[in-house]
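Quick look at model39.txt (compact mmCIF, C-alpha atoms):
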```
# COMPACT_ATOMS: atom_id res chain seq x y z
CA MET R 1 0.00 0.00 0.00
CA SER R 2 2.63 2.46 1.04
CA ARG R 3 4.19 4.28 -1.81
CA THR R 4 7.15 5.48 0.19
CA PRO R 5 10.15 4.49 -1.82
CA LYS R 6 11.70 1.83 0.35
CA LEU R 7 14.96 3.08 1.67
CA ASP R 8 17.45 1.45 -0.62
CA LYS R 9 20.87 1.78 0.98
CA LYS R 10 22.49 0.32 -2.14
CA LEU R 11 20.88 3.04 -4.25
CA ILE R 12 22.06 5.71 -1.82
CA SER R 13 25.58 4.28 -1.91
CA SER R 14 25.60 4.21 -5.68
CA ILE R 15 24.48 7.86 -5.79
CA LEU R 16 27.19 8.79 -3.34
CA GLN R 17 29.83 6.86 -5.28
CA GLN R 18 29.36 9.30 -8.15
CA HIS R 19 30.92 11.97 -5.95
CA LYS R 20 34.44 12.02 -4.68
CA ALA R 21 34.71 10.86 -1.09
CA GLY R 22 35.78 13.59 1.31
CA ASP R 23 34.88 16.40 -1.07
CA ALA R 24 32.74 18.69 1.07
CA SER R 25 32.26 21.14 -1.80
CA ALA R 26 29.96 18.62 -3.48
CA LEU R 27 27.51 18.83 -0.57
CA VAL R 28 24.67 20.61 -2.37
CA ASN R 29 25.10 18.51 -5.52
CA VAL R 30 24.85 15.37 -3.41
CA LEU R 31 21.66 16.67 -1.79
CA HIS R 32 20.19 17.34 -5.23
CA ASP R 33 21.12 13.88 -6.50
CA LEU R 34 19.73 12.16 -3.45
CA GLN R 35 16.46 14.04 -3.66
CA ALA R 36 16.16 13.40 -7.39
CA HIS R 37 16.24 9.65 -6.72
CA LEU R 38 14.48 9.42 -3.37
CA ARG R 39 12.05 12.38 -3.78
CA TYR R 40 13.01 13.53 -0.31
CA LEU R 41 15.98 13.48 2.03
CA PRO R 42 15.59 10.79 4.65
CA GLN R 43 17.71 10.85 7.77
CA GLU R 44 19.68 7.74 6.81
CA ALA R 45 20.58 9.22 3.44
CA LEU R 46 21.90 12.39 5.08
CA GLU R 47 23.92 10.33 7.54
CA MET R 48 25.46 8.24 4.78
CA ALA R 49 26.14 11.33 2.69
CA ALA R 50 27.81 13.09 5.63
CA ASP R 51 30.07 10.07 6.15
CA HIS R 52 30.93 9.95 2.47
CA LEU R 53 31.78 13.65 2.19
CA GLY R 54 33.56 13.86 5.52
CA VAL R 55 31.29 16.56 6.93
CA SER R 56 29.20 16.27 10.06
CA TYR R 57 25.64 15.04 9.85
CA ALA R 58 24.55 18.19 11.69
CA GLN R 59 26.18 20.37 9.04
CA MET R 60 24.62 18.29 6.29
CA TYR R 61 21.19 18.88 7.82
CA GLY R 62 21.90 22.55 8.46
CA VAL R 63 22.78 23.17 4.82
CA ALA R 64 19.83 21.13 3.56
CA THR R 65 17.34 23.09 5.67
CA PHE R 66 18.82 26.35 4.42
CA TYR R 67 17.31 25.72 0.99
CA GLU R 68 13.55 25.69 0.41
CA GLY R 69 13.92 23.10 -2.34
CA PHE R 70 14.88 20.22 -0.10
CA HIS R 71 12.26 18.10 1.59
CA PHE R 72 12.55 15.94 4.67
CA LYS R 73 9.26 14.14 4.54
CA PRO R 74 8.31 11.57 1.89
CA ARG R 75 6.81 13.30 -1.11
CA GLY R 76 4.26 12.27 -3.68
CA GLU R 77 5.00 10.42 -6.86
CA HIS R 78 3.51 13.33 -8.77
CA VAL R 79 4.19 16.94 -7.95
CA VAL R 80 1.49 19.43 -8.87
CA THR R 81 2.59 23.04 -8.70
CA ILE R 82 0.20 25.94 -9.09
CA CYS R 83 1.68 29.26 -10.16
CA MET R 84 0.42 32.08 -7.97
CA GLY R 85 2.25 34.88 -9.75
CA THR R 86 0.37 38.10 -10.44
CA ALA R 87 -0.66 37.21 -13.99
CA CYS R 88 -1.86 33.75 -13.01
CA HIS R 89 -3.44 35.11 -9.87
CA VAL R 90 -5.70 37.58 -11.68
CA ARG R 91 -6.71 34.85 -14.11
CA GLY R 92 -7.94 32.59 -11.35
CA ALA R 93 -4.96 30.70 -9.92
CA PRO R 94 -6.43 30.76 -6.39
CA ARG R 95 -9.41 28.80 -7.70
CA LEU R 96 -7.05 26.26 -9.25
CA LEU R 97 -5.30 25.82 -5.96
CA GLU R 98 -8.58 25.46 -4.09
CA GLN R 99 -9.76 22.85 -6.60
CA ALA R 100 -6.57 20.87 -6.23
CA GLU R 101 -6.71 21.11 -2.45
CA ARG R 102 -10.28 19.82 -2.47
CA ASP R 103 -9.65 17.05 -4.97
CA LEU R 104 -6.52 15.82 -3.29
CA ASN R 105 -7.76 16.55 0.21
CA VAL R 106 -4.45 18.11 1.09
CA GLU R 107 -3.29 21.64 1.84
CA SER R 108 -0.83 23.50 -0.31
CA GLY R 109 2.64 22.26 0.54
CA GLY R 110 1.32 18.88 1.64
CA THR R 111 1.39 15.34 0.33
CA THR R 112 -1.55 12.97 0.00
CA LYS R 113 -1.71 10.07 2.43
CA ASP R 114 -1.25 7.52 -0.36
CA LEU R 115 1.89 9.43 -1.37
CA MET R 116 0.63 9.82 -4.90
CA PHE R 117 0.52 13.63 -5.04
CA SER R 118 2.34 16.56 -3.56
CA LEU R 119 0.69 19.93 -4.00
CA GLU R 120 2.74 23.08 -4.11
CA GLN R 121 2.42 26.71 -4.99
CA VAL R 122 5.07 28.92 -6.48
CA ASN R 123 5.21 32.67 -6.78
CA CYS R 124 5.98 32.93 -10.51
CA VAL R 125 7.65 30.72 -13.07
CA GLY R 126 7.98 33.43 -15.71
CA ALA R 127 5.49 31.93 -18.12
CA CYS R 128 2.89 34.60 -17.51
CA ALA R 129 1.43 34.47 -21.04
CA LEU R 130 0.33 30.89 -20.39
CA GLY R 131 -1.48 31.70 -17.17
CA PRO R 132 -3.16 30.44 -15.20
CA LEU R 133 -0.57 27.78 -15.03
CA ALA R 134 -0.29 24.39 -13.41
CA ILE R 135 2.95 22.46 -13.57
CA VAL R 136 2.49 18.73 -13.38
CA ASP R 137 5.67 16.72 -12.90
CA GLY R 138 7.64 19.44 -14.62
CA THR R 139 5.30 19.83 -17.61
CA TYR R 140 3.77 23.28 -17.98
CA LYS R 141 0.01 23.14 -18.52
CA GLY R 142 -1.19 26.59 -19.59
CA SER R 143 -4.69 28.16 -19.64
CA MET R 144 -5.68 25.81 -16.87
CA THR R 145 -9.19 25.77 -15.45
CA PRO R 146 -10.39 24.12 -12.25
CA ALA R 147 -12.41 21.60 -14.30
CA LYS R 148 -9.47 20.70 -16.52
CA LEU R 149 -7.20 20.35 -13.53
CA SER R 150 -9.73 18.20 -11.74
CA ASN R 151 -9.97 15.86 -14.73
CA LEU R 152 -6.24 15.67 -15.07
CA LEU R 153 -5.81 14.76 -11.42
CA LYS R 154 -8.52 12.11 -11.68
CA LYS R 155 -6.83 10.55 -14.70
CA MET R 156 -3.47 10.52 -12.98
CA HIS R 157 -5.03 9.01 -9.89
CA LYS R 158 -6.66 6.22 -11.91
CA LYS R 159 -3.45 5.51 -13.75
CA GLY R 160 -1.48 5.46 -10.53
CA LYS R 161 -3.83 3.01 -8.84
CA LYS R 162 -3.30 0.36 -11.52
CA MET B 1 55.05 40.61 10.61
CA THR B 2 54.05 43.41 12.95
CA VAL B 3 51.47 46.02 12.07
CA GLN B 4 51.09 49.36 13.76
CA PHE B 5 47.94 51.41 14.03
CA THR B 6 45.89 53.46 16.47
CA ILE B 7 42.80 52.66 18.52
CA ASP B 8 41.10 55.77 19.94
CA GLY B 9 44.38 57.59 19.50
CA LEU B 10 46.44 54.96 21.31
CA GLU B 11 49.42 53.63 19.31
CA VAL B 12 49.24 49.83 19.27
CA LYS B 13 51.27 47.04 17.74
CA ALA B 14 49.87 43.70 16.69
CA LYS B 15 50.78 40.64 14.67
CA GLU B 16 49.51 40.41 11.14
CA GLY B 17 46.46 38.13 11.04
CA GLU B 18 45.18 39.16 14.44
CA HIS B 19 41.63 40.31 14.90
CA LEU B 20 40.94 43.87 15.93
CA LEU B 21 38.78 43.05 18.95
CA ASP B 22 41.47 40.84 20.50
CA VAL B 23 44.10 43.56 20.04
CA ALA B 24 41.83 46.24 21.52
CA ARG B 25 40.99 44.16 24.59
CA ARG B 26 44.66 43.33 25.10
CA HIS B 27 45.27 47.06 25.33
CA GLY B 28 42.47 47.54 27.82
CA ILE B 29 40.04 49.08 25.37
CA ASP B 30 36.59 47.76 25.99
CA ILE B 31 34.40 46.91 23.01
CA PRO B 32 31.15 45.23 23.94
CA SER B 33 30.31 41.94 22.21
CA LEU B 34 28.06 38.93 22.64
CA CYS B 35 29.15 36.27 20.15
CA HIS B 36 32.92 36.48 20.60
CA HIS B 37 34.84 33.72 22.34
CA GLU B 38 38.59 33.37 22.21
CA ALA B 39 38.34 29.61 21.74
CA VAL B 40 36.50 29.69 18.41
CA GLU B 41 36.74 31.57 15.14
CA PRO B 42 34.83 34.86 15.15
CA ILE B 43 31.97 35.15 12.66
CA GLY B 44 30.61 38.63 13.43
CA ALA B 45 27.12 37.38 14.21
CA CYS B 46 25.85 39.66 16.97
CA ARG B 47 27.07 42.91 15.35
CA VAL B 48 27.53 44.54 18.74
CA CYS B 49 31.32 44.95 18.50
CA LEU B 50 31.08 47.60 15.80
CA VAL B 51 33.94 50.06 15.39
CA GLU B 52 34.85 52.73 12.89
CA VAL B 53 37.93 51.99 10.82
CA ARG B 54 39.55 54.82 8.86
CA SER B 55 42.03 53.88 6.19
CA GLY B 56 43.20 56.73 3.98
CA GLN B 57 40.10 58.36 2.49
CA LYS B 58 37.87 55.43 3.42
CA THR B 59 35.82 55.11 6.60
CA THR B 60 33.90 51.95 7.36
CA ILE B 61 31.76 50.72 10.20
CA THR B 62 32.66 47.09 10.75
CA THR B 63 32.59 44.29 13.30
CA SER B 64 35.90 44.29 15.14
CA CYS B 65 35.82 40.61 16.17
CA ASN B 66 36.52 39.35 12.66
CA PHE B 67 38.35 42.36 11.25
CA LEU B 68 41.97 41.61 10.44
CA VAL B 69 44.26 44.39 11.60
CA GLU B 70 46.08 46.45 8.98
CA ASP B 71 49.05 48.73 9.11
CA GLY B 72 48.27 52.42 9.49
CA ILE B 73 44.54 52.19 10.13
CA GLU B 74 42.84 54.54 12.55
CA VAL B 75 40.24 52.80 14.74
CA HIS B 76 37.58 54.61 16.73
CA THR B 77 35.44 52.62 19.12
CA ASP B 78 33.08 55.29 20.38
CA THR B 79 32.03 57.75 17.71
CA ALA B 80 28.48 58.99 17.19
CA GLU B 81 28.25 56.81 14.07
CA VAL B 82 29.35 53.68 15.95
CA ARG B 83 26.93 54.39 18.78
CA LYS B 84 24.07 54.91 16.35
CA HIS B 85 24.60 51.62 14.51
CA ARG B 86 25.27 49.66 17.67
CA ALA B 87 22.05 51.00 19.19
CA MET B 88 20.13 49.85 16.11
CA ASN B 89 21.67 46.38 16.26
CA LEU B 90 20.86 46.14 19.94
CA GLU B 91 17.28 47.17 19.27
CA LEU B 92 17.06 44.32 16.77
CA LEU B 93 18.61 41.92 19.28
CA LEU B 94 16.08 43.08 21.83
CA ALA B 95 13.33 41.84 19.52
CA ARG B 96 15.10 38.48 19.39
CA ALA B 97 15.76 38.12 23.09
CA PRO B 98 13.44 40.47 24.96
CA LYS B 99 13.92 38.68 28.27
CA SER B 100 17.67 38.36 28.22
CA ASP B 101 19.29 40.39 30.98
CA VAL B 102 22.58 40.56 29.11
CA VAL B 103 20.98 41.95 25.98
CA ARG B 104 18.80 44.36 27.94
CA LYS B 105 21.75 45.64 29.91
CA LEU B 106 23.83 46.19 26.79
CA ALA B 107 20.90 47.81 25.06
CA SER B 108 20.15 50.22 27.89
CA ALA B 109 23.84 51.14 28.00
CA SER B 110 23.32 52.26 24.40
CA GLY B 111 20.14 54.10 25.35
CA VAL B 112 17.80 51.44 23.99
CA THR B 113 15.11 50.37 26.41
CA ARG B 114 12.41 49.20 24.05
CA THR B 115 12.26 47.78 20.57
CA ARG B 116 10.08 48.88 17.69
CA PHE B 117 10.43 45.53 15.98
CA GLU B 118 8.16 42.51 15.99
CA PRO B 119 9.28 39.97 18.56
CA LEU B 120 11.25 37.17 16.93
CA ALA B 121 11.92 34.99 19.95
CA TYR B 122 11.37 31.28 19.38
CA GLU B 123 10.77 28.23 21.52
CA PRO B 124 12.39 26.39 23.19
CA LEU B 125 15.24 28.93 23.19
CA PRO B 126 13.38 32.22 23.72
CA ASN B 127 16.52 34.22 24.42
CA CYS B 128 18.57 32.81 21.56
CA ILE B 129 20.22 35.52 19.45
CA LEU B 130 21.44 33.01 16.84
CA CYS B 131 25.09 33.88 17.37
CA GLU B 132 26.03 30.25 16.74
CA LEU B 133 28.57 30.29 19.51
CA CYS B 134 27.12 26.99 20.75
CA VAL B 135 27.37 25.46 17.27
CA ARG B 136 30.93 26.69 16.80
CA THR B 137 31.96 25.43 20.23
CA CYS B 138 30.29 22.05 19.72
CA ASP B 139 32.11 21.69 16.39
CA MET B 140 35.42 22.82 17.82
CA LEU B 141 35.18 20.21 20.59
CA GLY B 142 34.61 17.56 17.94
CA HIS B 143 31.04 16.63 18.85
CA HIS B 144 29.21 18.17 15.89
CA ALA B 145 25.81 17.72 17.50
CA LEU B 146 24.32 21.18 16.96
CA THR B 147 23.48 23.05 13.81
CA THR B 148 21.49 25.97 12.53
CA VAL B 149 18.18 24.90 11.05
CA GLY B 150 16.43 26.83 8.30
CA ARG B 151 17.16 30.42 7.43
CA GLY B 152 15.91 33.97 7.59
CA ASP B 153 13.32 34.64 10.25
CA LYS B 154 12.78 30.89 10.60
CA LYS B 155 16.38 30.17 11.50
CA ARG B 156 16.86 28.20 14.69
CA ILE B 157 19.54 26.45 16.65
CA GLY B 158 18.79 22.79 16.98
CA LEU B 159 19.52 19.16 16.27
CA PRO B 160 19.11 17.35 12.96
CA PHE B 161 15.45 16.37 12.49
CA ASN B 162 14.85 17.76 15.98
CA LYS B 163 15.79 14.37 17.41
CA PRO B 164 18.18 13.66 20.27
CA SER B 165 21.66 13.42 18.81
CA ASP B 166 24.05 10.50 19.23
CA ASN B 167 26.84 13.05 18.98
CA CYS B 168 25.76 15.05 22.02
CA VAL B 169 27.78 13.87 25.01
CA GLY B 170 26.03 16.17 27.47
CA CYS B 171 29.09 18.31 28.21
CA ALA B 172 26.93 21.46 28.32
CA SER B 173 29.71 23.50 26.74
CA CYS B 174 26.99 25.03 24.58
CA LEU B 175 25.38 26.49 27.67
CA SER B 176 28.65 27.61 29.20
CA VAL B 177 29.48 29.78 26.16
CA CYS B 178 25.93 30.97 25.46
CA PRO B 179 25.86 34.74 25.95
CA THR B 180 22.19 34.76 26.94
CA GLN B 181 22.33 31.44 28.84
CA CYS B 182 19.26 30.28 26.98
CA ILE B 183 20.03 26.57 26.60
CA SER B 184 18.13 24.33 28.98
CA VAL B 185 20.34 22.06 31.07
CA LYS B 186 18.82 20.41 34.12
CA ASP B 187 21.09 18.56 36.52
CA THR B 188 20.07 16.17 39.27
CA PRO B 189 22.72 14.59 41.52
CA THR B 190 22.92 11.63 39.13
CA GLN B 191 21.65 12.79 35.75
CA ARG B 192 21.79 15.65 33.31
CA ALA B 193 18.93 16.50 30.95
CA ILE B 194 20.07 18.40 27.87
CA TRP B 195 18.93 18.67 24.24
CA GLY B 196 16.12 16.19 24.65
CA GLN B 197 18.03 13.37 26.30
CA LYS B 198 19.28 12.32 29.68
CA HIS B 199 22.86 11.51 30.51
CA ASP B 200 24.04 9.58 33.55
CA PHE B 201 26.82 11.18 35.54
CA ILE B 202 29.98 9.42 36.62
CA LEU B 203 30.05 9.96 40.37
CA CYS B 204 33.22 10.69 42.27
CA LYS B 205 34.48 7.54 43.97
CA VAL B 206 35.47 9.55 47.01
CA CYS B 207 32.77 12.13 47.64
CA GLY B 208 29.98 11.01 45.28
CA ALA B 209 29.66 14.34 43.50
CA PRO B 210 28.97 14.26 39.76
CA VAL B 211 32.23 14.42 37.77
CA ILE B 212 31.25 14.23 34.10
CA THR B 213 28.59 12.51 32.01
CA LYS B 214 29.35 8.91 31.15
CA LYS B 215 29.18 9.60 27.45
CA HIS B 216 31.50 12.59 27.78
CA ARG B 217 34.01 10.49 29.70
CA ASP B 218 33.95 7.77 27.05
CA PHE B 219 34.47 10.43 24.38
CA ALA B 220 37.31 12.12 26.25
CA ILE B 221 39.10 8.87 27.02
CA SER B 222 38.89 7.48 23.50
CA GLU B 223 39.45 10.74 21.60
CA LYS B 224 41.90 12.56 23.84
CA GLY B 225 43.76 9.47 25.05
CA LEU B 226 43.22 10.10 28.76
CA PRO B 227 43.87 7.28 31.27
CA GLU B 228 40.86 5.04 32.00
CA ASP B 229 40.59 6.17 35.61
CA TYR B 230 40.95 9.89 34.83
CA TYR B 231 37.38 10.74 35.77
CA ASP B 232 37.04 8.35 38.72
CA THR B 233 37.35 11.18 41.20
CA CYS B 234 36.24 14.80 40.98
CA GLU B 235 38.61 17.76 40.65
CA LYS B 236 38.22 18.69 44.31
CA CYS B 237 39.05 15.21 45.57
CA LYS B 238 41.92 14.97 43.09
CA GLN B 239 43.33 18.21 44.44
CA SER B 240 43.00 17.24 48.06
CA ALA B 241 44.61 13.83 47.33
CA ALA B 242 47.46 15.61 45.57
CA SER B 243 47.97 18.07 48.40
CA LYS B 244 47.96 15.22 50.95
CA ARG B 245 50.61 13.43 48.88
CA PHE B 246 52.59 16.64 48.69
CA ALA B 247 52.27 17.22 52.42
CA SER B 248 53.43 13.67 53.23
CA VAL B 249 56.57 14.25 51.15
CA VAL B 250 57.36 17.65 52.62
CA TRP B 251 56.80 16.81 56.27
```
What does the file become when written as structure tokens?
Amino acid sequence: MSRTPKLDKKLISSILQQHKAGDASALVNVLHDLQAHLRYLPQEALEMAADHLGVSYAQMYGVATFYEGFHFKPRGEHVVTICMGTACHVRGAPRLLEQAERDLNVESGGTTKDLMFSLEQVNCVGACALGPLAIVDGTYKGSMTPAKLSNLLKKMHKKGKK
Amino acid sequence: MTVQFTIDGLEVKAKEGEHLLDVARRHGIDIPSLCHHEAVEPIGACRVCLVEVRSGQKTTITTSCNFLVEDGIEVHTDTAEVRKHRAMNLELLLARAPKSDVVRKLASASGVTRTRFEPLAYEPLPNCILCELCVRTCDMLGHHALTTVGRGDKKRIGLPFNKPSDNCVGCASCLSVCPTQCISVKDTPTQRAIWGQKHDFILCKVCGAPVITKKHRDFAISEKGLPEDYYDTCEKCKQSAASKRFASVVW
């Protein structure tokens, strides 16, 4: 049932092996690589990474929390981001966000219990002409409406359940 | 190499690579500060130790704790400009640590008794000014338990994932250096509670007083190569044993 990617220590090791041991300057790159594979930064991964790079685990965590882009709780398989920039906002982005929150039963910034979706908002992605904009797993979906978004989420949910 | 410059008109000499605050204090010139400790590298966090440094045409207001001395500079520690900026920084610190006596005292010495800023104190360290002296000290001692968490107005001092740390040995050095004494350490005759965990004390074999936490002893003995029985007795009992030995030799 749980969609949490099982903590694969071999996978973590193999990610770490791509970076030189003891090279503290690779810290942020390592965090990015780990998150790209694991979708979040679990404690064990940070501990292993700290060992590999020769920095303290506390420092590793301190740096990771400095950046908004790193997550410490398991995240959804799909990430839905709603642009809340001015252009999108005046064209109804708040309604998109509300729709997504209702459909997924999760607040902005949260992750659904089945770990299928994470919902996020962002202040502008610079694609104002396409607004209102939803970004689904990195794909920009312009001229979005609550109904369209709702359908899209339903489809993804069905697909994911299979 | 030696450099020569003046502080408030006083001619001083210092070694190249020294920090201005250290040189000033050595010459009896008092510059207030909160986050400076001679045991760790200065980072200029509290911004209280401001001074005015004149070099040729240029005048700068800068933190003296991490300012490397230069030949021929003219340092002023108590100009109107310095006082103005220090008062502002203290007003900001007052918003961070409104209940800290140390901060309040320093602030009132600069004429600041209240702050116009939104309170920024946070739990469970309501008087923390985020100077990172605890983090720097913890790192310097080789424990690496503490870290800063987050950034901006959400920055905190804490432990990774807010969980008790295996690295914390319960030495309480973090508290001993903390300028506002905001870290919670609770000692009973046999245990110390600190950073969300409890540490058993080693008790003095002679008088039964707590000597050091067990974990700290294990760390000290394995890392610093101290003899196994080093912490069997407390400092007091060690001293009195030594003086008895000394007395038996002399008389």
Inset, instruction - Give the residues of chain B that lie within 12 Å of chain R; count all atoms listed in the file, and format the answer as a PyMOL selection string. - result: chain B and resi 135-136+138-140+142-168
Inset, instruction - Find the residue from R:Ala36, R:Ala147, R:Leu152, R:Val79 that sits nearest to Ser118 of chain R; use only C-alpha atoms when measuring. - result: R:Val79
Legend entry - Two-atom distance - atom CA of His76 of chain B, atom CA of Lys58 of chain B (Å): 13.3 Å
Inset, instruction - State, in Å with one decimal place, the distance from atom CA of Val206 of chain B to atom CA of Pro227 of chain B. - result: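 These atoms are spaced 18.0 Å apart.
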Inset, instruction - Using atom CA of Leu34 of chain B and atom CA of Arg114 of chain B as the two end points, give the distance in Å to one decimal. - result: 18.8 Å
Inset, instruction - Select, counting all atoms listed in the file, all protein, DNA and RNA residues no farther than 12 Å from (-4.0, 12.0, -11.9) in file coordinates, and express the selection as number ranges by chain. - result: R: 76-80, 100, 103-104, 116-118, 136-137, 148-162
Legend entry - Which residue of B:Ala97, B:Leu21, B:Thr6, B:Asn89 approaches Glu74 of chain B most closely, using all atoms listed in the file: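 Checking each of B:Ala97, B:Leu21, B:Thr6, B:Asn89 against Glu74 of chain B, counting all atoms listed in the file, the winner is B:Thr6.
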Axis-aligned box for all listed atoms of segment 202-207 of chain B, 3 Å per side, centre and edges in Å to one decimal, as AutoDock Vina command-line options:
```
--center_x 32.7 --center_y 9.8 --center_z 42.1 --size_x 11.5 --size_y 10.6 --size_z 17.0
```
Legend entry - For Ala134 of chain R, the nearest of the candidates R:Val122, R:Ile12, R:Ala45, R:Leu115, counting only C-alpha atoms: R:Val122
